[in-house]
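All remarks here apply to the structure that follows.
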Amino acid sequence: MSLHLEAQQFLFSAQKGVLSTHSVKFAGYPFGSVTPFVLNHQGMPVILISSLAEHTKNIIENANVSLLVFNNENDLQANARLTLLAKAEQTDKNNALIRARYLRYMPQAESYFDAHDFSFYTLYIAHGRYIAGFGKMGWIEGDDFQVPTNPLFTEEAGILDHMNADHADNLKAYCQHYHQTETTRATMIGIDSLGFDVRIDSEQQLRFSFPQAINNAQEAKAALVAMAKACRA
């Protein structure tokens with residue numbers, strides 16, 4: 001797997017990082033804050049932040065930011081991490097598709113949408129520095145993180161409804177076969193060109209990567225059927 005594809009998959013598997021902005025209060029200093037995020041279908045991180053927050057005030061003055069992404073690992077220096085350099089742009093928080101996707105991953109944020117001072121910001125990646133492990137690292141251009149526009153963004157909700165209503169057993173089988181994790185409940189919460197995410201009964205989230213990128217519901221069906229067959233082999 002190429003370094004940039006591995007970095008993409010890593011980014012899709014993560015949902016939290018440290019956002020660094022240019023401090024307005026203390027000029028010349030970076031300001032770091034823990035920030036959850038959800039990727040949109042183009043592979044760009046989307047954050048939901050308050051206009052009262054220090055990092056939002058900083059972004060308004062200087063939209064160039066950095067996002068350090070990592071997973072839950074005991075030894076962060078020995079495991080993969082990704083630093084993104086990006087430009088933050090405000091995004092309509094009432095966009096129904098983005099809002100629905102964000103809340104599937106971050107249901108605890110629902111009350112924030114009733115607060116007038118919260119807004120979405122999309123981080124458009126310019127460059128990334130991915131460290132996969134000892135001796136395996138490099139810079140990646142922002143375009144390499146970009147997922148081409150395709151119908152999945154509008155088809156996602158229908159795919160999820162179908163899988164959760166009609167193929168719950170397959171979802172549990174995926175967890176067992178690909179992650180060696182038994183569960184009594186598995187819910188698909190998102191699907192994109194590179195894979196899909198399942199929340200299991202312990203509220204743990206599992207990422208499943210497709211062997212090759214998909215672009216629409218028909219290709220998603222074919223990939224999911226092939227994975228189901230692999231579970232039964």
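Going by the structure tokens order, chains are called A, B, ..., each with residues numbered from 1, while ligands are numbered from 1 in the order shown.
For Ser2 of chain A, the residues within 12 Å (counting only C-alpha atoms, excluding itself and residues fewer than 4 positions away along the chain) are Glu6, Ala7, Gln8, Gln9, Tyr130, Ala132, Lys136, Met137, Gly138, Ile140 and Asp144 of chain A.
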- Task: Write out as a ChimeraX atom specification each polymer residue whose atoms come within 10 Å of segment 109-115 of chain A, counting only C-alpha atoms; drop sequence neighbours fewer than 3 positions from it.
- Result: /A:48-50,93-94,99-100,102-106,118-120
Where in segment 48-216 of chain A does DSSP assign strand (DSSP E), given as a PDB file with N, CA and C atoms, in the first residue's frame?
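Written file, result.pdb:
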```pdb
ATOM      1  N   LEU A  48     -16.931  20.939  14.546  1.00  0.00           N
ATOM      2  CA  LEU A  48     -18.066  21.741  15.011  1.00  0.00           C
ATOM      3  C   LEU A  48     -17.572  22.539  16.199  1.00  0.00           C
ATOM      4  N   ILE A  49     -17.475  23.863  16.059  1.00  0.00           N
ATOM      5  CA  ILE A  49     -16.864  24.680  17.100  1.00  0.00           C
ATOM      6  C   ILE A  49     -17.688  25.932  17.375  1.00  0.00           C
ATOM      7  N   SER A  50     -17.527  26.456  18.579  1.00  0.00           N
ATOM      8  CA  SER A  50     -18.266  27.630  19.033  1.00  0.00           C
ATOM      9  C   SER A  50     -17.521  28.904  18.679  1.00  0.00           C
ATOM     10  N   ASN A  64      -5.225  29.438   8.458  1.00  0.00           N
ATOM     11  CA  ASN A  64      -4.243  28.369   8.305  1.00  0.00           C
ATOM     12  C   ASN A  64      -4.049  27.650   9.634  1.00  0.00           C
ATOM     13  N   VAL A  65      -4.316  26.344   9.647  1.00  0.00           N
ATOM     14  CA  VAL A  65      -4.296  25.568  10.889  1.00  0.00           C
ATOM     15  C   VAL A  65      -3.490  24.289  10.692  1.00  0.00           C
ATOM     16  N   SER A  66      -3.238  23.624  11.815  1.00  0.00           N
ATOM     17  CA  SER A  66      -2.616  22.298  11.788  1.00  0.00           C
ATOM     18  C   SER A  66      -3.463  21.378  12.648  1.00  0.00           C
ATOM     19  N   LEU A  67      -3.601  20.147  12.202  1.00  0.00           N
ATOM     20  CA  LEU A  67      -4.343  19.143  12.965  1.00  0.00           C
ATOM     21  C   LEU A  67      -3.462  17.911  13.128  1.00  0.00           C
ATOM     22  N   LEU A  68      -3.112  17.596  14.374  1.00  0.00           N
ATOM     23  CA  LEU A  68      -2.348  16.388  14.679  1.00  0.00           C
ATOM     24  C   LEU A  68      -3.341  15.283  15.006  1.00  0.00           C
ATOM     25  N   VAL A  69      -3.308  14.214  14.226  1.00  0.00           N
ATOM     26  CA  VAL A  69      -4.281  13.119  14.347  1.00  0.00           C
ATOM     27  C   VAL A  69      -3.575  11.884  14.887  1.00  0.00           C
ATOM     28  N   PHE A  70      -4.207  11.248  15.863  1.00  0.00           N
ATOM     29  CA  PHE A  70      -3.636  10.026  16.438  1.00  0.00           C
ATOM     30  C   PHE A  70      -4.767   9.132  16.901  1.00  0.00           C
ATOM     31  N   ARG A  81       0.926   8.399  13.333  1.00  0.00           N
ATOM     32  CA  ARG A  81       0.278   9.686  13.571  1.00  0.00           C
ATOM     33  C   ARG A  81       0.405  10.520  12.311  1.00  0.00           C
ATOM     34  N   LEU A  82      -0.443  11.510  12.213  1.00  0.00           N
ATOM     35  CA  LEU A  82      -0.561  12.298  10.995  1.00  0.00           C
ATOM     36  C   LEU A  82      -0.719  13.764  11.353  1.00  0.00           C
ATOM     37  N   THR A  83       0.115  14.604  10.769  1.00  0.00           N
ATOM     38  CA  THR A  83      -0.005  16.050  10.955  1.00  0.00           C
ATOM     39  C   THR A  83      -0.502  16.662   9.657  1.00  0.00           C
ATOM     40  N   LEU A  84      -1.619  17.352   9.734  1.00  0.00           N
ATOM     41  CA  LEU A  84      -2.211  17.986   8.561  1.00  0.00           C
ATOM     42  C   LEU A  84      -2.043  19.492   8.628  1.00  0.00           C
ATOM     43  N   LEU A  85      -1.654  20.100   7.531  1.00  0.00           N
ATOM     44  CA  LEU A  85      -1.655  21.551   7.377  1.00  0.00           C
ATOM     45  C   LEU A  85      -2.844  21.871   6.476  1.00  0.00           C
ATOM     46  N   ALA A  86      -3.729  22.728   6.951  1.00  0.00           N
ATOM     47  CA  ALA A  86      -4.992  22.916   6.242  1.00  0.00           C
ATOM     48  C   ALA A  86      -5.502  24.348   6.374  1.00  0.00           C
ATOM     49  N   LYS A  87      -6.459  24.669   5.536  1.00  0.00           N
ATOM     50  CA  LYS A  87      -7.155  25.953   5.621  1.00  0.00           C
ATOM     51  C   LYS A  87      -8.581  25.692   6.074  1.00  0.00           C
ATOM     52  N   ALA A  88      -8.996  26.369   7.140  1.00  0.00           N
ATOM     53  CA  ALA A  88     -10.335  26.173   7.714  1.00  0.00           C
ATOM     54  C   ALA A  88     -11.332  27.134   7.079  1.00  0.00           C
ATOM     55  N   GLU A  89     -12.442  26.574   6.608  1.00  0.00           N
ATOM     56  CA  GLU A  89     -13.499  27.400   6.008  1.00  0.00           C
ATOM     57  C   GLU A  89     -14.839  27.055   6.657  1.00  0.00           C
ATOM     58  N   GLN A  90     -15.591  28.086   7.013  1.00  0.00           N
ATOM     59  CA  GLN A  90     -16.890  27.869   7.644  1.00  0.00           C
ATOM     60  C   GLN A  90     -17.833  27.174   6.670  1.00  0.00           C
ATOM     61  N   THR A  91     -18.593  26.222   7.185  1.00  0.00           N
ATOM     62  CA  THR A  91     -19.508  25.400   6.392  1.00  0.00           C
ATOM     63  C   THR A  91     -20.892  25.467   7.014  1.00  0.00           C
ATOM     64  N   PHE A 118     -22.547  27.846  17.438  1.00  0.00           N
ATOM     65  CA  PHE A 118     -21.779  26.719  16.919  1.00  0.00           C
ATOM     66  C   PHE A 118     -21.881  26.661  15.392  1.00  0.00           C
ATOM     67  N   SER A 119     -20.755  26.378  14.765  1.00  0.00           N
ATOM     68  CA  SER A 119     -20.708  26.281  13.305  1.00  0.00           C
ATOM     69  C   SER A 119     -19.761  25.162  12.886  1.00  0.00           C
ATOM     70  N   PHE A 120     -20.012  24.635  11.687  1.00  0.00           N
ATOM     71  CA  PHE A 120     -19.080  23.701  11.078  1.00  0.00           C
ATOM     72  C   PHE A 120     -17.943  24.475  10.424  1.00  0.00           C
ATOM     73  N   TYR A 121     -16.754  23.916  10.526  1.00  0.00           N
ATOM     74  CA  TYR A 121     -15.622  24.375   9.721  1.00  0.00           C
ATOM     75  C   TYR A 121     -15.025  23.145   9.052  1.00  0.00           C
ATOM     76  N   THR A 122     -14.781  23.255   7.745  1.00  0.00           N
ATOM     77  CA  THR A 122     -14.118  22.185   7.013  1.00  0.00           C
ATOM     78  C   THR A 122     -12.648  22.530   6.880  1.00  0.00           C
ATOM     79  N   LEU A 123     -11.784  21.555   7.164  1.00  0.00           N
ATOM     80  CA  LEU A 123     -10.346  21.762   7.058  1.00  0.00           C
ATOM     81  C   LEU A 123      -9.874  21.197   5.708  1.00  0.00           C
ATOM     82  N   TYR A 124      -9.579  22.094   4.776  1.00  0.00           N
ATOM     83  CA  TYR A 124      -9.138  21.680   3.450  1.00  0.00           C
ATOM     84  C   TYR A 124      -7.625  21.467   3.487  1.00  0.00           C
ATOM     85  N   ILE A 125      -7.227  20.212   3.318  1.00  0.00           N
ATOM     86  CA  ILE A 125      -5.836  19.808   3.533  1.00  0.00           C
ATOM     87  C   ILE A 125      -4.941  20.323   2.411  1.00  0.00           C
ATOM     88  N   ALA A 126      -3.845  20.979   2.809  1.00  0.00           N
ATOM     89  CA  ALA A 126      -2.840  21.455   1.854  1.00  0.00           C
ATOM     90  C   ALA A 126      -1.641  20.508   1.808  1.00  0.00           C
ATOM     91  N   HIS A 127      -1.218  20.039   2.975  1.00  0.00           N
ATOM     92  CA  HIS A 127      -0.082  19.127   3.076  1.00  0.00           C
ATOM     93  C   HIS A 127      -0.285  18.229   4.290  1.00  0.00           C
ATOM     94  N   GLY A 128       0.349  17.067   4.267  1.00  0.00           N
ATOM     95  CA  GLY A 128       0.288  16.167   5.410  1.00  0.00           C
ATOM     96  C   GLY A 128       1.629  15.496   5.639  1.00  0.00           C
ATOM     97  N   ARG A 129       1.955  15.287   6.889  1.00  0.00           N
ATOM     98  CA  ARG A 129       3.173  14.552   7.251  1.00  0.00           C
ATOM     99  C   ARG A 129       2.733  13.309   8.004  1.00  0.00           C
ATOM    100  N   TYR A 130       2.923  12.144   7.363  1.00  0.00           N
ATOM    101  CA  TYR A 130       2.460  10.890   7.949  1.00  0.00           C
ATOM    102  C   TYR A 130       3.643  10.086   8.440  1.00  0.00           C
ATOM    103  N   ILE A 131       3.570   9.654   9.693  1.00  0.00           N
ATOM    104  CA  ILE A 131       4.579   8.778  10.269  1.00  0.00           C
ATOM    105  C   ILE A 131       3.899   7.450  10.562  1.00  0.00           C
ATOM    106  N   ALA A 132       4.193   6.455   9.731  1.00  0.00           N
ATOM    107  CA  ALA A 132       3.542   5.155   9.861  1.00  0.00           C
ATOM    108  C   ALA A 132       4.222   4.295  10.915  1.00  0.00           C
ATOM    109  N   GLY A 133       5.459   4.571  11.185  1.00  0.00           N
ATOM    110  CA  GLY A 133       6.249   3.792  12.129  1.00  0.00           C
ATOM    111  C   GLY A 133       7.709   4.090  11.903  1.00  0.00           C
ATOM    112  N   LYS A 136       9.380   4.750   8.323  1.00  0.00           N
ATOM    113  CA  LYS A 136       8.363   4.854   7.282  1.00  0.00           C
ATOM    114  C   LYS A 136       7.561   6.122   7.494  1.00  0.00           C
ATOM    115  N   MET A 137       7.924   7.164   6.756  1.00  0.00           N
ATOM    116  CA  MET A 137       7.292   8.462   6.946  1.00  0.00           C
ATOM    117  C   MET A 137       7.491   9.299   5.697  1.00  0.00           C
ATOM    118  N   GLY A 138       6.733  10.385   5.590  1.00  0.00           N
ATOM    119  CA  GLY A 138       6.923  11.273   4.453  1.00  0.00           C
ATOM    120  C   GLY A 138       5.844  12.329   4.362  1.00  0.00           C
ATOM    121  N   TRP A 139       6.123  13.331   3.522  1.00  0.00           N
ATOM    122  CA  TRP A 139       5.154  14.394   3.245  1.00  0.00           C
ATOM    123  C   TRP A 139       4.219  13.947   2.119  1.00  0.00           C
ATOM    124  N   ILE A 140       2.968  14.351   2.224  1.00  0.00           N
ATOM    125  CA  ILE A 140       1.943  13.996   1.242  1.00  0.00           C
ATOM    126  C   ILE A 140       1.210  15.272   0.845  1.00  0.00           C
ATOM    127  N   GLU A 141       1.000  15.457  -0.433  1.00  0.00           N
ATOM    128  CA  GLU A 141       0.300  16.648  -0.899  1.00  0.00           C
ATOM    129  C   GLU A 141      -1.195  16.547  -0.595  1.00  0.00           C
ATOM    130  N   ALA A 186     -24.491  -4.553  16.171  1.00  0.00           N
ATOM    131  CA  ALA A 186     -23.572  -3.831  15.303  1.00  0.00           C
ATOM    132  C   ALA A 186     -24.386  -2.916  14.390  1.00  0.00           C
ATOM    133  N   THR A 187     -23.995  -1.653  14.329  1.00  0.00           N
ATOM    134  CA  THR A 187     -24.714  -0.662  13.531  1.00  0.00           C
ATOM    135  C   THR A 187     -23.748   0.041  12.602  1.00  0.00           C
ATOM    136  N   MET A 188     -24.023  -0.004  11.317  1.00  0.00           N
ATOM    137  CA  MET A 188     -23.203   0.741  10.369  1.00  0.00           C
ATOM    138  C   MET A 188     -23.567   2.218  10.481  1.00  0.00           C
ATOM    139  N   ILE A 189     -22.574   3.061  10.729  1.00  0.00           N
ATOM    140  CA  ILE A 189     -22.851   4.486  10.935  1.00  0.00           C
ATOM    141  C   ILE A 189     -22.332   5.361   9.796  1.00  0.00           C
ATOM    142  N   GLY A 190     -21.499   4.800   8.928  1.00  0.00           N
ATOM    143  CA  GLY A 190     -20.995   5.595   7.810  1.00  0.00           C
ATOM    144  C   GLY A 190     -20.321   4.723   6.780  1.00  0.00           C
ATOM    145  N   ILE A 191     -20.399   5.160   5.522  1.00  0.00           N
ATOM    146  CA  ILE A 191     -19.721   4.459   4.437  1.00  0.00           C
ATOM    147  C   ILE A 191     -19.159   5.508   3.491  1.00  0.00           C
ATOM    148  N   ASP A 192     -17.963   5.251   2.975  1.00  0.00           N
ATOM    149  CA  ASP A 192     -17.297   6.174   2.071  1.00  0.00           C
ATOM    150  C   ASP A 192     -16.559   5.372   1.019  1.00  0.00           C
ATOM    151  N   GLY A 195     -14.050   2.749   2.683  1.00  0.00           N
ATOM    152  CA  GLY A 195     -14.474   1.751   3.658  1.00  0.00           C
ATOM    153  C   GLY A 195     -15.736   2.168   4.390  1.00  0.00           C
ATOM    154  N   PHE A 196     -15.984   1.538   5.538  1.00  0.00           N
ATOM    155  CA  PHE A 196     -17.166   1.871   6.325  1.00  0.00           C
ATOM    156  C   PHE A 196     -16.863   1.692   7.811  1.00  0.00           C
ATOM    157  N   ASP A 197     -17.745   2.256   8.639  1.00  0.00           N
ATOM    158  CA  ASP A 197     -17.566   2.233  10.087  1.00  0.00           C
ATOM    159  C   ASP A 197     -18.772   1.603  10.762  1.00  0.00           C
ATOM    160  N   VAL A 198     -18.502   0.806  11.786  1.00  0.00           N
ATOM    161  CA  VAL A 198     -19.546   0.098  12.530  1.00  0.00           C
ATOM    162  C   VAL A 198     -19.373   0.382  14.012  1.00  0.00           C
ATOM    163  N   ARG A 199     -20.469   0.744  14.665  1.00  0.00           N
ATOM    164  CA  ARG A 199     -20.459   0.900  16.121  1.00  0.00           C
ATOM    165  C   ARG A 199     -21.042  -0.371  16.729  1.00  0.00           C
ATOM    166  N   ILE A 200     -20.321  -0.945  17.690  1.00  0.00           N
ATOM    167  CA  ILE A 200     -20.781  -2.191  18.299  1.00  0.00           C
ATOM    168  C   ILE A 200     -21.331  -1.918  19.688  1.00  0.00           C
ATOM    169  N   GLN A 205     -15.985   1.653  18.155  1.00  0.00           N
ATOM    170  CA  GLN A 205     -16.175   1.850  16.726  1.00  0.00           C
ATOM    171  C   GLN A 205     -15.100   1.096  15.963  1.00  0.00           C
ATOM    172  N   LEU A 206     -15.514   0.365  14.924  1.00  0.00           N
ATOM    173  CA  LEU A 206     -14.591  -0.420  14.121  1.00  0.00           C
ATOM    174  C   LEU A 206     -14.578   0.098  12.690  1.00  0.00           C
ATOM    175  N   ARG A 207     -13.389   0.170  12.110  1.00  0.00           N
ATOM    176  CA  ARG A 207     -13.218   0.621  10.733  1.00  0.00           C
ATOM    177  C   ARG A 207     -12.932  -0.570   9.834  1.00  0.00           C
ATOM    178  N   PHE A 208     -13.602  -0.626   8.691  1.00  0.00           N
ATOM    179  CA  PHE A 208     -13.406  -1.677   7.694  1.00  0.00           C
ATOM    180  C   PHE A 208     -12.980  -1.022   6.381  1.00  0.00           C
ATOM    181  N   SER A 209     -11.849  -1.431   5.854  1.00  0.00           N
ATOM    182  CA  SER A 209     -11.339  -0.848   4.609  1.00  0.00           C
ATOM    183  C   SER A 209     -11.685  -1.737   3.419  1.00  0.00           C
TER     184      SER A 209
END
```
- Tell me which of A:Thr181, A:Ser202, A:Asn58, A:Gln42 sits closest to Lys25 of chain A, counting only C-alpha atoms. A:Asn58
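Every residue of segment 25-114 of chain A found in helix (DSSP H, G or I) when DSSP is run on the backbone appears here: Glu54, His55, Thr56, Lys57, Asn58, Ile59, Ile60, Glu61, Leu76, Gln77, Ala78, Ala96, Leu97, Ile98, Arg99, Ala100, Arg101, Tyr102, Leu103, Arg104, Tyr105, Pro107, Gln108, Ala109, Glu110, Ser111, Tyr112, Phe113 and Asp114 of chain A.
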- Query: From the list A:Gly135, A:Ser33, A:Glu155, A:Gln218, which residue is nearest Asn79 of chain A when using only C-alpha atoms?
  - Reply: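 Of A:Gly135, A:Ser33, A:Glu155, A:Gln218, the one nearest Asn79 of chain A, counting only C-alpha atoms, is A:Gly135.
Between atom CA of Asn215 of chain A and atom CA of Ser193 of chain A the separation is 5.8 Å.
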- Which value, in Å to one decimal, gives the distance between atom CA of Leu97 of chain A and atom CA of Ala157 of chain A?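 Distance between the two atoms: 8.6 Å.
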- Message: When you look at Ala14 of chain A with a cut-off of 7 Å (counting only C-alpha atoms), what residues show up, excluding the ones that are within fewer than 3 positions of it in the same chain? I need them as number ranges by chain.
- Response: A: 10-11, 70-71
Residue selection dump (C-alpha atoms) as a CSV table (one decimal), in the first residue's frame:
```csv
chain,number,residue,atom,x,y,z
A,10,PHE,CA,-5.5,6.2,8.9
A,11,LEU,CA,-7.3,9.5,8.7
A,70,PHE,CA,-3.6,10.0,16.4
A,71,ASN,CA,-5.4,6.9,17.7
```
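Counting only C-alpha atoms and comparing A:Met44, A:Phe145, A:Thr56, A:Thr35, the residue that lies closest to Leu3 of chain A is A:Phe145.
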- Given only C-alpha atoms as the counted atoms, nearest of A:Thr21, A:Thr154, A:Asn216, A:Asn170 to Ala63 of chain A: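 Of A:Thr21, A:Thr154, A:Asn216, A:Asn170, the one nearest Ala63 of chain A is A:Thr21, counting only C-alpha atoms.
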- For Cys231 of chain A, work out the shell of residues within 10 Å, counting only C-alpha atoms and skipping chain neighbours fewer than 4 positions away, then give it as a PyMOL selection string. chain A and resi 170+173-178+225-227
What would the file look like if the residues just selected were written as an mmCIF file, in the first residue's frame with N, CA, C and O atoms?
```cif
data_model
loop_
_atom_site.group_PDB
_atom_site.id
_atom_site.type_symbol
_atom_site.label_atom_id
_atom_site.label_comp_id
_atom_site.auth_asym_id
_atom_site.auth_seq_id
_atom_site.Cartn_x
_atom_site.Cartn_y
_atom_site.Cartn_z
ATOM 1 N N ASN A 170 -24.768 -9.891 8.964
ATOM 2 C CA ASN A 170 -23.534 -9.681 8.213
ATOM 3 C C ASN A 170 -22.613 -8.708 8.932
ATOM 4 O O ASN A 170 -21.390 -8.899 8.966
ATOM 5 N N ALA A 173 -20.911 -10.478 11.578
ATOM 6 C CA ALA A 173 -19.922 -11.397 11.000
ATOM 7 C C ALA A 173 -18.665 -10.644 10.563
ATOM 8 O O ALA A 173 -17.544 -11.145 10.723
ATOM 9 N N TYR A 174 -18.844 -9.441 10.008
ATOM 10 C CA TYR A 174 -17.680 -8.631 9.642
ATOM 11 C C TYR A 174 -16.808 -8.380 10.871
ATOM 12 O O TYR A 174 -15.577 -8.463 10.807
ATOM 13 N N CYS A 175 -17.449 -8.033 11.982
ATOM 14 C CA CYS A 175 -16.707 -7.726 13.206
ATOM 15 C C CYS A 175 -15.895 -8.926 13.665
ATOM 16 O O CYS A 175 -14.737 -8.791 14.080
ATOM 17 N N GLN A 176 -16.501 -10.096 13.580
ATOM 18 C CA GLN A 176 -15.828 -11.323 14.016
ATOM 19 C C GLN A 176 -14.680 -11.685 13.071
ATOM 20 O O GLN A 176 -13.569 -11.995 13.500
ATOM 21 N N HIS A 177 -14.955 -11.625 11.772
ATOM 22 C CA HIS A 177 -13.970 -12.095 10.787
ATOM 23 C C HIS A 177 -12.802 -11.127 10.633
ATOM 24 O O HIS A 177 -11.638 -11.561 10.579
ATOM 25 N N TYR A 178 -13.093 -9.835 10.545
ATOM 26 C CA TYR A 178 -12.041 -8.867 10.230
ATOM 27 C C TYR A 178 -11.390 -8.240 11.463
ATOM 28 O O TYR A 178 -10.267 -7.746 11.376
ATOM 29 N N VAL A 225 -21.009 -7.637 -0.336
ATOM 30 C CA VAL A 225 -21.350 -9.048 -0.597
ATOM 31 C C VAL A 225 -20.072 -9.894 -0.596
ATOM 32 O O VAL A 225 -20.032 -10.995 -0.034
ATOM 33 N N ALA A 226 -19.009 -9.375 -1.225
ATOM 34 C CA ALA A 226 -17.751 -10.114 -1.254
ATOM 35 C C ALA A 226 -17.189 -10.296 0.141
ATOM 36 O O ALA A 226 -16.663 -11.369 0.479
ATOM 37 N N MET A 227 -17.339 -9.293 0.997
ATOM 38 C CA MET A 227 -16.864 -9.412 2.374
ATOM 39 C C MET A 227 -17.695 -10.435 3.146
ATOM 40 O O MET A 227 -17.163 -11.189 3.959
#
```
